[in-house]
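Working notes, beginning with the structure itself.
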Amino acid sequence: MGFTIAVTGKGGVGKTTISALLIQRLVARGETPVLAVDADSNANLGEALGVTFAATVGGIREDARKEANMLTGVAKQEFLDLRVQEALAEQDGYDMIVMGRPEGPGCYCFANNVLRDVIQRLAGNYRHVLVDSEAGLEHVSRRTLLKIDLLLIVSDCTVRGVRTAGRIAQLADEMGTPVATRGLLVNRVPDGVLPDGVAAAVAETGLTLLAAIPLDAHVAALDAGGIAVGDIPTDAPARVTVNRVLDEFLNDK
Ligand SMILES: Nc1ncnc2c1ncn2[C@@H]1O[C@H](COP(=O)(O)OP(=O)(O)OP(=O)(O)O)[C@@H](O)[C@H]1O
Ligand SMILES: [Mg+2]
C-alpha cells in the first residue's frame, strides 16, 4: 500500500530540507519508486537534492492554455501526458516533478483539469508520493486531488510559528483536503528540547507533536556553502530525527 506524504508550513520553516531527507529515507528503506513533487511556488526541492529540471508543470499548463484551440480533448491529453513524462527528472529510486509558478491571468480550467488527471495517473506508477507543498496546499488539494495519508505541518521553534502551524491545519480542514494522519514537526529546535512557551503553544494547537527536529549545524553549513542539503551525514541530528518520524509512520502501517 502506497502513501502520499505532504510537507507543509509557512515560508522558510524547513519544508524543503525535511522533504529532501524524507525522500532519501524512503529510498534507503527500499520503499521505491517514489514520486517527489515540488509543489512550493518557491521551488527548491531539486536544489536540496542536486536535481536539475528542464520543465515545470506550470510551464506545460501555460503552453496547453495557449494551444487550447489547436488540439482536441484527446490529443491534448496525450500531448500533456508526454510533456509531463519529459518534465520528470529521473533519479535513483525516485523521480521528481516541479509544479512551478502559479497561473497568470486567463482561463486555465481546461488545462488544469487535464493536468489533474495526468498527475493522478502519474502518481499511480509509484509506491509513494512525497509533496513539498506551500502552506495553502493549493496544488495538492485543488490541482492534483491527491488524498494525503500523512500531512506533516512544519513550524519554526517559536510560539508565533506554532500558532501559525495550527492555523494551517485548520485551513486544510476548511478546504476539505482529505487527510488521514497529520502531525506537527517543530524544526530548528536548539538541542532538540522545546522551550516551555513553545511546548505550551503546541498543546494549544491540539496537534500531535511528532518530533522536535534539532537545529543542525550540518544543515546550516551545507546550505551556506550552496551544497545540496541531502549530503548531510547519516548521523546528522536533523536526519536522524526525520528518519525516526518516517520509520514510526511506516512501521505503524
Ligand atoms: N534542522 C535545521 N537546522 C538548521 N538549519 C535548518 C534546519 N532546517 C532547515 N534549516 C535551514 O533553514 C532554511 C529554510 O529551510 P528550507 O529551505 O528547507 O525551508 P522551506 O520551508 O522549504 O522554505 P521556503 O518556504 O522558502 O520553501 C534553510 O537555510 C535551511 O538550511
Ligand atoms: Mg522550500
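Residue names in the C-alpha cells use chain letters A, B, ... in the order shown, residue numbers from 1 in each chain, and ligand numbers from 1 in the order shown.
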Residues of chain A within 12 Å of ligand 2: nearest atom pair and distance (Å, one decimal) for each, counting only C-alpha atoms and all ligand atoms, sorted by chain and number, as a tab-separated table?
```
residue	atom	partner	partner_atom_place_in_ligand_line	distance
A:Val7	CA	ligand 2	1 (Mg)	9.7
A:Thr8	CA	ligand 2	1 (Mg)	9.2
A:Gly9	CA	ligand 2	1 (Mg)	9.4
A:Lys10	CA	ligand 2	1 (Mg)	9.4
A:Gly11	CA	ligand 2	1 (Mg)	7.2
A:Gly12	CA	ligand 2	1 (Mg)	6.6
A:Val13	CA	ligand 2	1 (Mg)	8.2
A:Gly14	CA	ligand 2	1 (Mg)	6.7
A:Lys15	CA	ligand 2	1 (Mg)	5.4
A:Thr16	CA	ligand 2	1 (Mg)	4.1
A:Thr17	CA	ligand 2	1 (Mg)	7.3
A:Ile18	CA	ligand 2	1 (Mg)	9.2
A:Ser19	CA	ligand 2	1 (Mg)	8.7
A:Ala20	CA	ligand 2	1 (Mg)	9.8
A:Val37	CA	ligand 2	1 (Mg)	11.6
A:Asp38	CA	ligand 2	1 (Mg)	8.4
A:Ala39	CA	ligand 2	1 (Mg)	9.0
A:Asp40	CA	ligand 2	1 (Mg)	6.2
A:Ser41	CA	ligand 2	1 (Mg)	8.3
A:Asn42	CA	ligand 2	1 (Mg)	6.1
A:Ala43	CA	ligand 2	1 (Mg)	6.1
A:Asn44	CA	ligand 2	1 (Mg)	5.5
A:Leu45	CA	ligand 2	1 (Mg)	6.4
A:Gly46	CA	ligand 2	1 (Mg)	9.7
A:Glu47	CA	ligand 2	1 (Mg)	9.7
A:Ala48	CA	ligand 2	1 (Mg)	8.8
A:Leu49	CA	ligand 2	1 (Mg)	11.9
A:Val98	CA	ligand 2	1 (Mg)	11.8
A:Gly100	CA	ligand 2	1 (Mg)	12.0
A:Val131	CA	ligand 2	1 (Mg)	10.8
A:Asp132	CA	ligand 2	1 (Mg)	7.1
A:Ser133	CA	ligand 2	1 (Mg)	7.9
A:Glu134	CA	ligand 2	1 (Mg)	7.9
A:Ala135	CA	ligand 2	1 (Mg)	10.6
A:Val154	CA	ligand 2	1 (Mg)	11.2
A:Val229	CA	ligand 2	1 (Mg)	11.8
```
Write out as a PyMOL selection string each polymer residue whose atoms come within 12 Å of Leu150 in chain A, counting only C-alpha atoms; drop sequence neighbours fewer than 5 positions from it. chain A and resi 2-8+128-131+177-184+210+245-246+248-250+253
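Restricting the calculation to only C-alpha atoms and all ligand atoms, the smallest distance between ligand 1 and any of A:Pro33, A:Gly106, A:Gly197, A:Gly226 is found for A:Gly226.
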When you count only C-alpha atoms and all ligand atoms, which of these residues is closest to ligand 1: A:Gly104, A:Gly136, A:Gly166, A:Gly206? A:Gly136
Can you measure atom 26 (O, counted along the ligand's line) of ligand 1 to CA of Ile153 in chain A for me? One decimal in Å is fine.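 These atoms are spaced 14.5 Å apart.
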Taking 2 positions as the minimum chain separation for residues in the same chain, which residues sit within 8 Å of Ala55 in chain A when counting only C-alpha atoms? Answer as a list in words. Phe53, Val57, Gly59, Ile60, Glu86, Ala87 and Val98 of chain A
Restrict the selected residues to C-alpha atoms and save them as a short mmCIF file (atom, residue, chain, number, x, y, z; two decimals), in the first residue's frame.
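That gives us again.cif:
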```
data_model
loop_
_atom_site.label_atom_id
_atom_site.label_comp_id
_atom_site.auth_asym_id
_atom_site.auth_seq_id
_atom_site.Cartn_x
_atom_site.Cartn_y
_atom_site.Cartn_z
CA PHE A 53 14.94 20.46 -14.33
CA VAL A 57 4.02 21.67 -14.79
CA GLY A 59 5.13 25.89 -17.96
CA ILE A 60 3.30 22.94 -19.50
CA GLU A 86 9.51 14.68 -20.25
CA ALA A 87 9.41 17.00 -17.26
CA VAL A 98 8.10 20.57 -10.24
#
```
Closest to ligand 1 among A:Leu194, A:Val189, A:Val162, A:Ile168, using only C-alpha atoms and all ligand atoms?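 Checking each candidate against ligand 1, we get A:Val189 as the closest.
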Taking the DSSP secondary structure from the backbone, can you list the residues of range 46-205 of chain A that are helix (DSSP H, G or I), as a PyMOL selection string? chain A and resi 46-49+57-66+73-87+109-123+138-144+159-174+190-192+196-205
Counting only C-alpha atoms, the residue among A:Asn187, A:Arg244, A:Gly225, A:Arg163 that lies closest to Glu204 in chain A is A:Arg163
